[in-house]
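Participant: The structure file model-v9.pdb (PDB, C-alpha atoms and all ligand atoms) is provided below.
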ATOM      1  CA  MET A   1     -17.683  -2.060   5.231
ATOM      2  CA  ASN A   2     -14.873  -0.111   3.533
ATOM      3  CA  ILE A   3     -11.377  -1.295   4.403
ATOM      4  CA  PHE A   4      -8.078   0.369   3.506
ATOM      5  CA  LEU A   5      -4.822  -1.551   3.947
ATOM      6  CA  VAL A   6      -1.686   0.526   4.438
ATOM      7  CA  GLY A   7       1.934  -0.431   4.998
ATOM      8  CA  PHE A   8       5.384  -0.514   3.456
ATOM      9  CA  MET A   9       6.101  -2.091   0.046
ATOM     10  CA  GLY A  10       6.432  -5.827   0.350
ATOM     11  CA  SER A  11       4.480  -6.116   3.607
ATOM     12  CA  GLY A  12       1.752  -8.241   2.014
ATOM     13  CA  LYS A  13      -1.105  -5.762   1.547
ATOM     14  CA  THR A  14      -2.264  -7.313  -1.723
ATOM     15  CA  THR A  15      -2.094 -10.920  -0.510
ATOM     16  CA  ILE A  16      -3.846 -10.165   2.775
ATOM     17  CA  GLY A  17      -6.312  -7.849   1.010
ATOM     18  CA  ARG A  18      -7.452 -10.527  -1.426
ATOM     19  CA  LYS A  19      -8.003 -13.058   1.373
ATOM     20  CA  LEU A  20      -9.752 -10.549   3.611
ATOM     21  CA  ALA A  21     -12.090  -9.441   0.819
ATOM     22  CA  LYS A  22     -13.004 -13.079   0.143
ATOM     23  CA  ALA A  23     -13.634 -13.801   3.824
ATOM     24  CA  LEU A  24     -15.845 -10.728   4.207
ATOM     25  CA  ASN A  25     -17.493 -10.997   0.804
ATOM     26  CA  LEU A  26     -16.236  -7.575  -0.252
ATOM     27  CA  THR A  27     -14.744  -6.411  -3.559
ATOM     28  CA  PHE A  28     -10.954  -6.296  -3.656
ATOM     29  CA  TYR A  29      -9.076  -3.418  -5.312
ATOM     30  CA  ASP A  30      -5.374  -2.712  -5.649
ATOM     31  CA  LEU A  31      -4.596   0.994  -6.023
ATOM     32  CA  ASP A  32      -1.514   0.420  -8.216
ATOM     33  CA  LEU A  33      -3.564  -1.722 -10.628
ATOM     34  CA  LEU A  34      -6.286   0.936 -10.787
ATOM     35  CA  ILE A  35      -3.652   3.554 -11.609
ATOM     36  CA  GLU A  36      -2.308   1.328 -14.395
ATOM     37  CA  GLU A  37      -5.837   0.785 -15.777
ATOM     38  CA  LYS A  38      -6.693   4.489 -15.635
ATOM     39  CA  THR A  39      -3.480   5.721 -17.261
ATOM     40  CA  LYS A  40      -2.966   2.680 -19.504
ATOM     41  CA  ARG A  41       0.678   2.798 -18.414
ATOM     42  CA  SER A  42       2.679   0.673 -16.005
ATOM     43  CA  ILE A  43       3.759   2.149 -12.664
ATOM     44  CA  VAL A  44       7.339   1.774 -13.927
ATOM     45  CA  ASP A  45       6.565   3.893 -17.015
ATOM     46  CA  ILE A  46       4.708   6.538 -15.005
ATOM     47  CA  PHE A  47       7.752   6.978 -12.742
ATOM     48  CA  LYS A  48      10.104   6.923 -15.728
ATOM     49  CA  TYR A  49       8.293   9.258 -18.127
ATOM     50  CA  LEU A  50       6.124  11.437 -15.877
ATOM     51  CA  GLY A  51       8.102  11.342 -12.627
ATOM     52  CA  GLU A  52       7.184  10.587  -9.033
ATOM     53  CA  ASP A  53       5.315  13.862  -8.413
ATOM     54  CA  ALA A  54       2.927  13.097 -11.280
ATOM     55  CA  PHE A  55       2.532   9.535  -9.974
ATOM     56  CA  ARG A  56       1.585  10.870  -6.530
ATOM     57  CA  GLU A  57      -1.039  13.158  -8.088
ATOM     58  CA  ILE A  58      -2.596  10.326 -10.089
ATOM     59  CA  GLU A  59      -2.444   8.110  -6.990
ATOM     60  CA  ALA A  60      -4.279  10.725  -4.888
ATOM     61  CA  GLU A  61      -6.909  11.136  -7.637
ATOM     62  CA  CYS A  62      -7.517   7.380  -7.894
ATOM     63  CA  LEU A  63      -7.767   7.125  -4.121
ATOM     64  CA  ARG A  64     -10.395   9.883  -4.047
ATOM     65  CA  THR A  65     -12.673   7.804  -6.328
ATOM     66  CA  PHE A  66     -13.260   5.553  -3.287
ATOM     67  CA  GLU A  67     -15.432   8.283  -1.812
ATOM     68  CA  HIS A  68     -18.147   6.901  -4.110
ATOM     69  CA  LYS A  69     -17.523   3.187  -3.541
ATOM     70  CA  ASN A  70     -18.845   0.810  -0.939
ATOM     71  CA  ALA A  71     -18.140  -2.656   0.413
ATOM     72  CA  PHE A  72     -14.491  -3.010  -0.572
ATOM     73  CA  VAL A  73     -10.993  -3.863   0.584
ATOM     74  CA  LEU A  74      -8.377  -1.571  -0.985
ATOM     75  CA  ALA A  75      -4.663  -2.382  -0.891
ATOM     76  CA  THR A  76      -2.927   0.993  -1.197
ATOM     77  CA  GLY A  77       0.641   1.513  -2.450
ATOM     78  CA  GLY A  78       3.319   1.851   0.233
ATOM     79  CA  GLY A  79       3.692   5.587  -0.309
ATOM     80  CA  ALA A  80      -0.001   6.366  -0.823
ATOM     81  CA  PRO A  81      -0.951   7.407   2.740
ATOM     82  CA  CYS A  82       2.083   9.708   2.920
ATOM     83  CA  TYR A  83       1.178  12.234   0.186
ATOM     84  CA  HIS A  84      -1.614  14.732  -0.561
ATOM     85  CA  ASP A  85      -3.243  14.328   2.867
ATOM     86  CA  ASN A  86      -4.273  10.821   1.768
ATOM     87  CA  MET A  87      -4.136   9.292   5.264
ATOM     88  CA  ASN A  88      -6.737  11.744   6.509
ATOM     89  CA  PHE A  89      -8.936  10.893   3.527
ATOM     90  CA  ILE A  90      -8.541   7.181   4.366
ATOM     91  CA  LEU A  91      -9.408   7.802   8.028
ATOM     92  CA  GLN A  92     -12.573   9.643   7.008
ATOM     93  CA  GLN A  93     -13.707   7.056   4.481
ATOM     94  CA  GLY A  94     -13.518   3.762   6.317
ATOM     95  CA  ILE A  95     -11.609   1.326   8.462
ATOM     96  CA  SER A  96      -7.854   1.371   8.029
ATOM     97  CA  ILE A  97      -5.475  -1.467   8.834
ATOM     98  CA  TYR A  98      -1.711  -1.070   9.046
ATOM     99  CA  ILE A  99       0.154  -4.237   8.038
ATOM    100  CA  GLU A 100       3.197  -3.986  10.295
ATOM    101  CA  MET A 101       6.543  -5.446   9.313
ATOM    102  CA  ASP A 102      10.107  -4.861  10.492
ATOM    103  CA  ALA A 103      12.813  -3.590   8.126
ATOM    104  CA  LYS A 104      14.655  -6.925   7.966
ATOM    105  CA  SER A 105      11.518  -8.877   6.943
ATOM    106  CA  ILE A 106      10.615  -6.200   4.386
ATOM    107  CA  PHE A 107      14.111  -6.480   2.894
ATOM    108  CA  ASP A 108      13.884 -10.294   2.677
ATOM    109  CA  ARG A 109      10.446 -10.131   1.063
ATOM    110  CA  LEU A 110      11.377  -7.405  -1.429
ATOM    111  CA  LYS A 111      14.411  -9.414  -2.520
ATOM    112  CA  LYS A 112      12.096 -12.328  -3.359
ATOM    113  CA  SER A 113       9.248 -10.264  -4.840
ATOM    114  CA  LYS A 114       8.539 -10.388  -8.576
ATOM    115  CA  LYS A 115       6.767  -7.004  -8.656
ATOM    116  CA  ILE A 116       8.933  -4.288 -10.252
ATOM    117  CA  ARG A 117       9.125  -1.268  -7.959
ATOM    118  CA  PRO A 118      10.694   1.768  -9.661
ATOM    119  CA  ALA A 119      11.891   3.398  -6.436
ATOM    120  CA  ILE A 120      14.077   0.422  -5.541
ATOM    121  CA  ARG A 121      14.740  -1.543  -8.722
ATOM    122  CA  ASP A 122      18.323  -0.342  -9.227
ATOM    123  CA  LEU A 123      19.453  -0.349  -5.607
ATOM    124  CA  SER A 124      22.265  -2.501  -4.259
ATOM    125  CA  ASP A 125      21.452  -4.585  -1.151
ATOM    126  CA  GLU A 126      23.182  -2.009   1.004
ATOM    127  CA  ASN A 127      21.210   0.887  -0.492
ATOM    128  CA  LEU A 128      17.959  -1.060  -0.366
ATOM    129  CA  LYS A 129      18.466  -1.571   3.382
ATOM    130  CA  LYS A 130      19.151   2.162   3.739
ATOM    131  CA  PHE A 131      16.073   3.027   1.645
ATOM    132  CA  ILE A 132      13.849   0.792   3.794
ATOM    133  CA  SER A 133      15.077   2.080   7.151
ATOM    134  CA  GLU A 134      14.983   5.748   6.120
ATOM    135  CA  ASN A 135      11.553   5.577   4.509
ATOM    136  CA  LEU A 136      10.072   3.388   7.212
ATOM    137  CA  GLN A 137      11.103   5.970   9.782
ATOM    138  CA  VAL A 138       9.347   8.748   7.862
ATOM    139  CA  ARG A 139       6.259   6.714   6.993
ATOM    140  CA  LEU A 140       5.733   4.884  10.274
ATOM    141  CA  PRO A 141       3.986   7.739  12.126
ATOM    142  CA  ILE A 142       1.560   8.007   9.202
ATOM    143  CA  TYR A 143       0.879   4.250   8.977
ATOM    144  CA  GLN A 144       0.383   4.188  12.736
ATOM    145  CA  LYS A 145      -2.626   6.492  12.440
ATOM    146  CA  ALA A 146      -4.546   3.487  11.026
ATOM    147  CA  ASN A 147      -7.427   2.184  13.132
ATOM    148  CA  HIS A 148      -5.947  -1.305  13.519
ATOM    149  CA  HIS A 149      -2.396  -2.655  13.415
ATOM    150  CA  ILE A 150      -1.709  -6.268  12.487
ATOM    151  CA  HIS A 151       1.489  -8.228  11.954
ATOM    152  CA  GLY A 152       2.160  -8.988   8.312
ATOM    153  CA  ILE A 153       4.054 -12.212   8.929
ATOM    154  CA  ASN A 154       1.769 -15.221   9.433
ATOM    155  CA  SER A 155      -1.283 -13.013   9.703
ATOM    156  CA  ASP A 156      -4.414 -15.014  10.354
ATOM    157  CA  ILE A 157      -7.345 -13.783   8.281
ATOM    158  CA  GLU A 158      -9.875 -15.069  10.833
ATOM    159  CA  GLN A 159      -8.188 -12.961  13.502
ATOM    160  CA  ILE A 160      -8.410  -9.881  11.292
ATOM    161  CA  VAL A 161     -12.080 -10.617  10.611
ATOM    162  CA  ALA A 162     -12.704 -10.966  14.378
ATOM    163  CA  LEU A 163     -10.927  -7.658  14.964
ATOM    164  CA  LEU A 164     -13.351  -5.943  12.605
ATOM    165  CA  ARG A 165     -16.529  -7.393  14.075
TER     166      ARG A 165
HETATM  167  C1  LIG B   1       5.549   2.710  -3.665
HETATM  168  C2  LIG B   1       4.965   1.479  -3.462
HETATM  169  C3  LIG B   1       4.400   0.680  -4.562
HETATM  170  C4  LIG B   1       3.945   1.578  -5.720
HETATM  171  C5  LIG B   1       5.048   2.489  -6.145
HETATM  172  C6  LIG B   1       5.568   3.365  -5.003
HETATM  173  C7  LIG B   1       6.135   3.413  -2.495
HETATM  174  O1  LIG B   1       3.300  -0.095  -4.094
HETATM  175  O2  LIG B   1       2.823   2.329  -5.370
HETATM  176  O3  LIG B   1       6.081   1.706  -6.669
HETATM  177  O4  LIG B   1       6.487   4.605  -2.623
HETATM  178  O5  LIG B   1       6.268   2.796  -1.409
HETATM  179  P1  LIG B   1       3.472  -1.416  -3.145
HETATM  180  O6  LIG B   1       3.503  -0.967  -1.727
HETATM  181  O7  LIG B   1       2.240  -2.213  -3.448
HETATM  182  O8  LIG B   1       4.708  -2.088  -3.589
END
Rewrite the coordinates I just gave you, this time as structure tokens.
Ligand code: S3P

Facilitator:
Amino acid sequence: MNIFLVGFMGSGKTTIGRKLAKALNLTFYDLDLLIEEKTKRSIVDIFKYLGEDAFREIEAECLRTFEHKNAFVLATGGGAPCYHDNMNFILQQGISIYIEMDAKSIFDRLKKSKKIRPAIRDLSDENLKKFISENLQVRLPIYQKANHHIHGINSDIEQIVALLR
């Protein structure tokens, strides 16, 4: 089984992904971590020194390596499905799950999150809210192409497992 988790930043893809991989005895990967390992740079530095376009190219390249992998759960970055035809690649390669979350919950979670996200790190609360609602609107139709949709808040791993069986 090859599982791809998609959804907005802060929606819990990594947390749910780790638990799901454990429950299904699959290997867990996080696309951002793979990018950092491959480039030996942090996501923050890639955005800062190479720019977002270069980041999206590296992201698409790292994602394509999953063509040769099996039995995994991959947590993708929030923007990953939305560039370089990546969502179609994901749909061809395995089972995709969209971790749904409303803008207000995303905002609350991002405010508490320790992960540094270059696209939002310098935004005021007002601008962060604007960023979330604008980007969610653009990305939603892409996320919604996923095979399954689950709620990110209080998601029950057993229910997700049952959904996949
Ligand atoms: C991004 C989301 C991040 C990371 C990068 C860009 C985005 O991943 O890939 O900062 O454009 O939504 P998470 O969704 O894991 O935060």

Participant: Step by step, measure atom-to-atom distances between ligand LIG 1 (chain B) and each residue using only C-alpha atoms and all ligand atoms, keep those at most 6 Å, then write them as a list in words.

Facilitator: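 Counting only C-alpha atoms and all ligand atoms, the residues within 6 Å of ligand LIG 1 (chain B) come out as Phe8, Met9, Gly10, Asp32, Gly77, Gly78, Gly79, Arg117 and Pro118 of chain A.
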
Participant: Write the residues of the selection above to a file with C-alpha atoms, as a PDB file, in the frame of the given file.

Facilitator:
ATOM      1  CA  PHE A   8       5.384  -0.514   3.456  1.00  0.00           C
ATOM      2  CA  MET A   9       6.101  -2.091   0.046  1.00  0.00           C
ATOM      3  CA  GLY A  10       6.432  -5.827   0.350  1.00  0.00           C
ATOM      4  CA  ASP A  32      -1.514   0.420  -8.216  1.00  0.00           C
ATOM      5  CA  GLY A  77       0.641   1.513  -2.450  1.00  0.00           C
ATOM      6  CA  GLY A  78       3.319   1.851   0.233  1.00  0.00           C
ATOM      7  CA  GLY A  79       3.692   5.587  -0.309  1.00  0.00           C
ATOM      8  CA  ARG A 117       9.125  -1.268  -7.959  1.00  0.00           C
ATOM      9  CA  PRO A 118      10.694   1.768  -9.661  1.00  0.00           C
TER      10      PRO A 118
END

Participant: Could you state the separation of CA of Val138 in chain A and CA of Asp125 in chain A in Å, given to one decimal place?

Facilitator: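 These two atoms are separated by 20.1 Å.
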
Participant: Pull out every residue that the PyMOL selection byres (((chain A and resi 44) around 9) and not hetatm) matches in the shown coordinates and put them as a VMD selection string.

Facilitator: chain A and resid 41 to 43 45 to 49 116 to 119

Participant: Tell me, as a ChimeraX atom specification, which residues lie within 7 Å of range 54-63 of chain A, counting all atoms listed in the file; anything in the same chain fewer than 3 positions away does not count.

Facilitator: /A:35,46-47,50-51,66,80,83-84,86

Participant: With C-alpha atoms kept, could you save the residues just selected as a JSON list (two decimals), in the coordinates of the input?

Facilitator:
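Written output follows (selection.json):
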[["chain", "number", "residue", "atom", "x", "y", "z"],
["A", 35, "ILE", "CA", -3.65, 3.55, -11.61],
["A", 46, "ILE", "CA", 4.71, 6.54, -15.00],
["A", 47, "PHE", "CA", 7.75, 6.98, -12.74],
["A", 50, "LEU", "CA", 6.12, 11.44, -15.88],
["A", 51, "GLY", "CA", 8.10, 11.34, -12.63],
["A", 66, "PHE", "CA", -13.26, 5.55, -3.29],
["A", 80, "ALA", "CA", 0.00, 6.37, -0.82],
["A", 83, "TYR", "CA", 1.18, 12.23, 0.19],
["A", 84, "HIS", "CA", -1.61, 14.73, -0.56],
["A", 86, "ASN", "CA", -4.27, 10.82, 1.77]]

Participant: Around range 46-50 of chain A, fit a box with edges along x, y and z, padding it by 6 Å on each side, then list its centre and edge lengths in Å to one decimal as lines of an AutoDock Vina configuration file.

Facilitator:
center_x = 7.4
center_y = 9.0
center_z = -15.4
size_x = 17.4
size_y = 16.9
size_z = 17.4

Participant: Residues picked by the PyMOL selection byres (((chain A and resi 129) around 12) and not hetatm) here, as a ChimeraX atom specification?

Facilitator: /A:102-111,120,123-128,130-136

Participant: Kindly indicate which residue among A:Thr65, A:Gln144, A:Thr39, A:Thr15 lies nearest to Gln93 in chain A, using all atoms listed in the file for the distances.

Facilitator: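 For Gln93 in chain A, the nearest of the given residues is A:Thr65.
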
Participant: Counting only C-alpha atoms, which of A:Ile95, A:Ile157, A:Leu31, A:Ile90 gets nearest to Ile3 in chain A?

Facilitator: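 Of all the options, A:Ile95 lies closest to Ile3 in chain A.
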
Participant: By how many Å are CA of Asn2 in chain A and CA of Gln159 in chain A apart?

Facilitator: 17.6 Å

Participant: Measuring atom to atom with only C-alpha atoms, identify which of A:Leu140, A:Leu33, A:Met1, A:Val161 is nearest to Asn70 in chain A.

Facilitator: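 The closest residue to Asn70 in chain A is A:Met1.
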
Participant: Given the file above and the PyMOL selection byres (((chain A and resi 74) around 7) and not hetatm), which residues are selected, and can you give them as a count of residues only?

Facilitator: 12

Participant: Calculated over all atoms listed in the file, which of the candidates A:Ser155, A:Thr14, A:Glu36, A:Ala21 has the smallest distance to Met101 in chain A?

Facilitator: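 Checking each candidate against Met101 in chain A, we get A:Ser155 as the closest.
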
Participant: Kindly give the distance, in Å, that separates CA of Tyr143 in chain A and CA of Pro81 in chain A, rounded to a single decimal.

Facilitator: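 It comes out at 7.2 Å.
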
Participant: Using only C-alpha atoms for the distances, tell me which of A:Lys69, A:Lys115, A:Lys13, A:Arg139 is nearest to Met87 in chain A.

Facilitator: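 Nearest to Met87 in chain A: A:Arg139.
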
Participant: Counting all atoms listed in the file, which residue out of A:Arg64, A:Lys38, A:Lys112, A:Arg165 sits closest to Asp85 in chain A?

Facilitator: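 Of A:Arg64, A:Lys38, A:Lys112, A:Arg165, the one nearest Asp85 in chain A, counting all atoms listed in the file, is A:Arg64.
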
Participant: Where atoms are absent from range 24-56 of chain A, fill them in so it carries N, CA and C atoms, then output it as a PDB file, in the coordinates of the input.

Facilitator:
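The resulting file, selection-v4.pdb, is shown below:
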ATOM      1  N   LEU A  24     -14.779 -11.659   3.815  1.00  0.00           N
ATOM      2  CA  LEU A  24     -15.845 -10.728   4.207  1.00  0.00           C
ATOM      3  C   LEU A  24     -16.847 -10.473   3.082  1.00  0.00           C
ATOM      4  N   ASN A  25     -16.624 -11.166   1.963  1.00  0.00           N
ATOM      5  CA  ASN A  25     -17.493 -10.997   0.804  1.00  0.00           C
ATOM      6  C   ASN A  25     -17.520  -9.538   0.311  1.00  0.00           C
ATOM      7  N   LEU A  26     -16.367  -8.952   0.232  1.00  0.00           N
ATOM      8  CA  LEU A  26     -16.236  -7.575  -0.252  1.00  0.00           C
ATOM      9  C   LEU A  26     -15.443  -7.588  -1.560  1.00  0.00           C
ATOM     10  N   THR A  27     -15.511  -6.500  -2.303  1.00  0.00           N
ATOM     11  CA  THR A  27     -14.744  -6.411  -3.559  1.00  0.00           C
ATOM     12  C   THR A  27     -13.316  -5.980  -3.246  1.00  0.00           C
ATOM     13  N   PHE A  28     -12.352  -6.653  -3.875  1.00  0.00           N
ATOM     14  CA  PHE A  28     -10.954  -6.296  -3.656  1.00  0.00           C
ATOM     15  C   PHE A  28     -10.443  -5.370  -4.756  1.00  0.00           C
ATOM     16  N   TYR A  29      -9.753  -4.309  -4.360  1.00  0.00           N
ATOM     17  CA  TYR A  29      -9.076  -3.418  -5.312  1.00  0.00           C
ATOM     18  C   TYR A  29      -7.625  -3.232  -4.896  1.00  0.00           C
ATOM     19  N   ASP A  30      -6.778  -3.022  -5.901  1.00  0.00           N
ATOM     20  CA  ASP A  30      -5.374  -2.712  -5.649  1.00  0.00           C
ATOM     21  C   ASP A  30      -5.112  -1.354  -6.302  1.00  0.00           C
ATOM     22  N   LEU A  31      -4.708  -0.378  -5.507  1.00  0.00           N
ATOM     23  CA  LEU A  31      -4.596   0.994  -6.023  1.00  0.00           C
ATOM     24  C   LEU A  31      -3.612   1.096  -7.195  1.00  0.00           C
ATOM     25  N   ASP A  32      -2.488   0.378  -7.109  1.00  0.00           N
ATOM     26  CA  ASP A  32      -1.514   0.420  -8.216  1.00  0.00           C
ATOM     27  C   ASP A  32      -2.139  -0.100  -9.525  1.00  0.00           C
ATOM     28  N   LEU A  33      -2.927  -1.169  -9.419  1.00  0.00           N
ATOM     29  CA  LEU A  33      -3.564  -1.722 -10.628  1.00  0.00           C
ATOM     30  C   LEU A  33      -4.579  -0.740 -11.202  1.00  0.00           C
ATOM     31  N   LEU A  34      -5.303  -0.056 -10.317  1.00  0.00           N
ATOM     32  CA  LEU A  34      -6.286   0.936 -10.787  1.00  0.00           C
ATOM     33  C   LEU A  34      -5.585   2.080 -11.508  1.00  0.00           C
ATOM     34  N   ILE A  35      -4.436   2.475 -10.981  1.00  0.00           N
ATOM     35  CA  ILE A  35      -3.652   3.554 -11.609  1.00  0.00           C
ATOM     36  C   ILE A  35      -3.199   3.102 -13.002  1.00  0.00           C
ATOM     37  N   GLU A  36      -2.767   1.848 -13.093  1.00  0.00           N
ATOM     38  CA  GLU A  36      -2.308   1.328 -14.395  1.00  0.00           C
ATOM     39  C   GLU A  36      -3.466   1.254 -15.389  1.00  0.00           C
ATOM     40  N   GLU A  37      -4.656   0.850 -14.896  1.00  0.00           N
ATOM     41  CA  GLU A  37      -5.837   0.785 -15.777  1.00  0.00           C
ATOM     42  C   GLU A  37      -6.229   2.180 -16.249  1.00  0.00           C
ATOM     43  N   LYS A  38      -6.252   3.119 -15.325  1.00  0.00           N
ATOM     44  CA  LYS A  38      -6.693   4.489 -15.635  1.00  0.00           C
ATOM     45  C   LYS A  38      -5.751   5.163 -16.632  1.00  0.00           C
ATOM     46  N   THR A  39      -4.454   5.004 -16.420  1.00  0.00           N
ATOM     47  CA  THR A  39      -3.480   5.721 -17.261  1.00  0.00           C
ATOM     48  C   THR A  39      -3.058   4.905 -18.484  1.00  0.00           C
ATOM     49  N   LYS A  40      -3.404   3.618 -18.460  1.00  0.00           N
ATOM     50  CA  LYS A  40      -2.966   2.680 -19.504  1.00  0.00           C
ATOM     51  C   LYS A  40      -1.434   2.663 -19.611  1.00  0.00           C
ATOM     52  N   ARG A  41      -0.781   2.877 -18.484  1.00  0.00           N
ATOM     53  CA  ARG A  41       0.678   2.798 -18.414  1.00  0.00           C
ATOM     54  C   ARG A  41       1.052   1.994 -17.179  1.00  0.00           C
ATOM     55  N   SER A  42       2.228   1.394 -17.199  1.00  0.00           N
ATOM     56  CA  SER A  42       2.679   0.673 -16.005  1.00  0.00           C
ATOM     57  C   SER A  42       3.199   1.685 -14.979  1.00  0.00           C
ATOM     58  N   ILE A  43       3.227   1.273 -13.722  1.00  0.00           N
ATOM     59  CA  ILE A  43       3.759   2.149 -12.664  1.00  0.00           C
ATOM     60  C   ILE A  43       5.206   2.516 -13.009  1.00  0.00           C
ATOM     61  N   VAL A  44       5.942   1.552 -13.536  1.00  0.00           N
ATOM     62  CA  VAL A  44       7.339   1.774 -13.927  1.00  0.00           C
ATOM     63  C   VAL A  44       7.426   2.910 -14.952  1.00  0.00           C
ATOM     64  N   ASP A  45       6.558   2.858 -15.974  1.00  0.00           N
ATOM     65  CA  ASP A  45       6.565   3.893 -17.015  1.00  0.00           C
ATOM     66  C   ASP A  45       6.125   5.256 -16.470  1.00  0.00           C
ATOM     67  N   ILE A  46       5.164   5.254 -15.568  1.00  0.00           N
ATOM     68  CA  ILE A  46       4.708   6.538 -15.005  1.00  0.00           C
ATOM     69  C   ILE A  46       5.873   7.202 -14.272  1.00  0.00           C
ATOM     70  N   PHE A  47       6.587   6.428 -13.456  1.00  0.00           N
ATOM     71  CA  PHE A  47       7.752   6.978 -12.742  1.00  0.00           C
ATOM     72  C   PHE A  47       8.802   7.462 -13.745  1.00  0.00           C
ATOM     73  N   LYS A  48       9.024   6.639 -14.784  1.00  0.00           N
ATOM     74  CA  LYS A  48      10.104   6.923 -15.728  1.00  0.00           C
ATOM     75  C   LYS A  48       9.808   8.145 -16.601  1.00  0.00           C
ATOM     76  N   TYR A  49       8.588   8.205 -17.152  1.00  0.00           N
ATOM     77  CA  TYR A  49       8.293   9.258 -18.127  1.00  0.00           C
ATOM     78  C   TYR A  49       7.602  10.480 -17.528  1.00  0.00           C
ATOM     79  N   LEU A  50       6.840  10.296 -16.460  1.00  0.00           N
ATOM     80  CA  LEU A  50       6.124  11.437 -15.877  1.00  0.00           C
ATOM     81  C   LEU A  50       6.753  11.900 -14.559  1.00  0.00           C
ATOM     82  N   GLY A  51       7.446  10.993 -13.890  1.00  0.00           N
ATOM     83  CA  GLY A  51       8.102  11.342 -12.627  1.00  0.00           C
ATOM     84  C   GLY A  51       7.253  11.005 -11.408  1.00  0.00           C
ATOM     85  N   GLU A  52       7.901  10.991 -10.243  1.00  0.00           N
ATOM     86  CA  GLU A  52       7.184  10.587  -9.033  1.00  0.00           C
ATOM     87  C   GLU A  52       6.092  11.588  -8.632  1.00  0.00           C
ATOM     88  N   ASP A  53       6.338  12.882  -8.817  1.00  0.00           N
ATOM     89  CA  ASP A  53       5.315  13.862  -8.413  1.00  0.00           C
ATOM     90  C   ASP A  53       4.003  13.624  -9.165  1.00  0.00           C
ATOM     91  N   ALA A  54       4.127  13.357 -10.472  1.00  0.00           N
ATOM     92  CA  ALA A  54       2.927  13.097 -11.280  1.00  0.00           C
ATOM     93  C   ALA A  54       2.264  11.808 -10.800  1.00  0.00           C
ATOM     94  N   PHE A  55       3.087  10.789 -10.492  1.00  0.00           N
ATOM     95  CA  PHE A  55       2.532   9.535  -9.974  1.00  0.00           C
ATOM     96  C   PHE A  55       1.726   9.787  -8.705  1.00  0.00           C
ATOM     97  N   ARG A  56       2.277  10.613  -7.805  1.00  0.00           N
ATOM     98  CA  ARG A  56       1.585  10.870  -6.530  1.00  0.00           C
ATOM     99  C   ARG A  56       0.262  11.607  -6.760  1.00  0.00           C
TER     100      ARG A  56
END
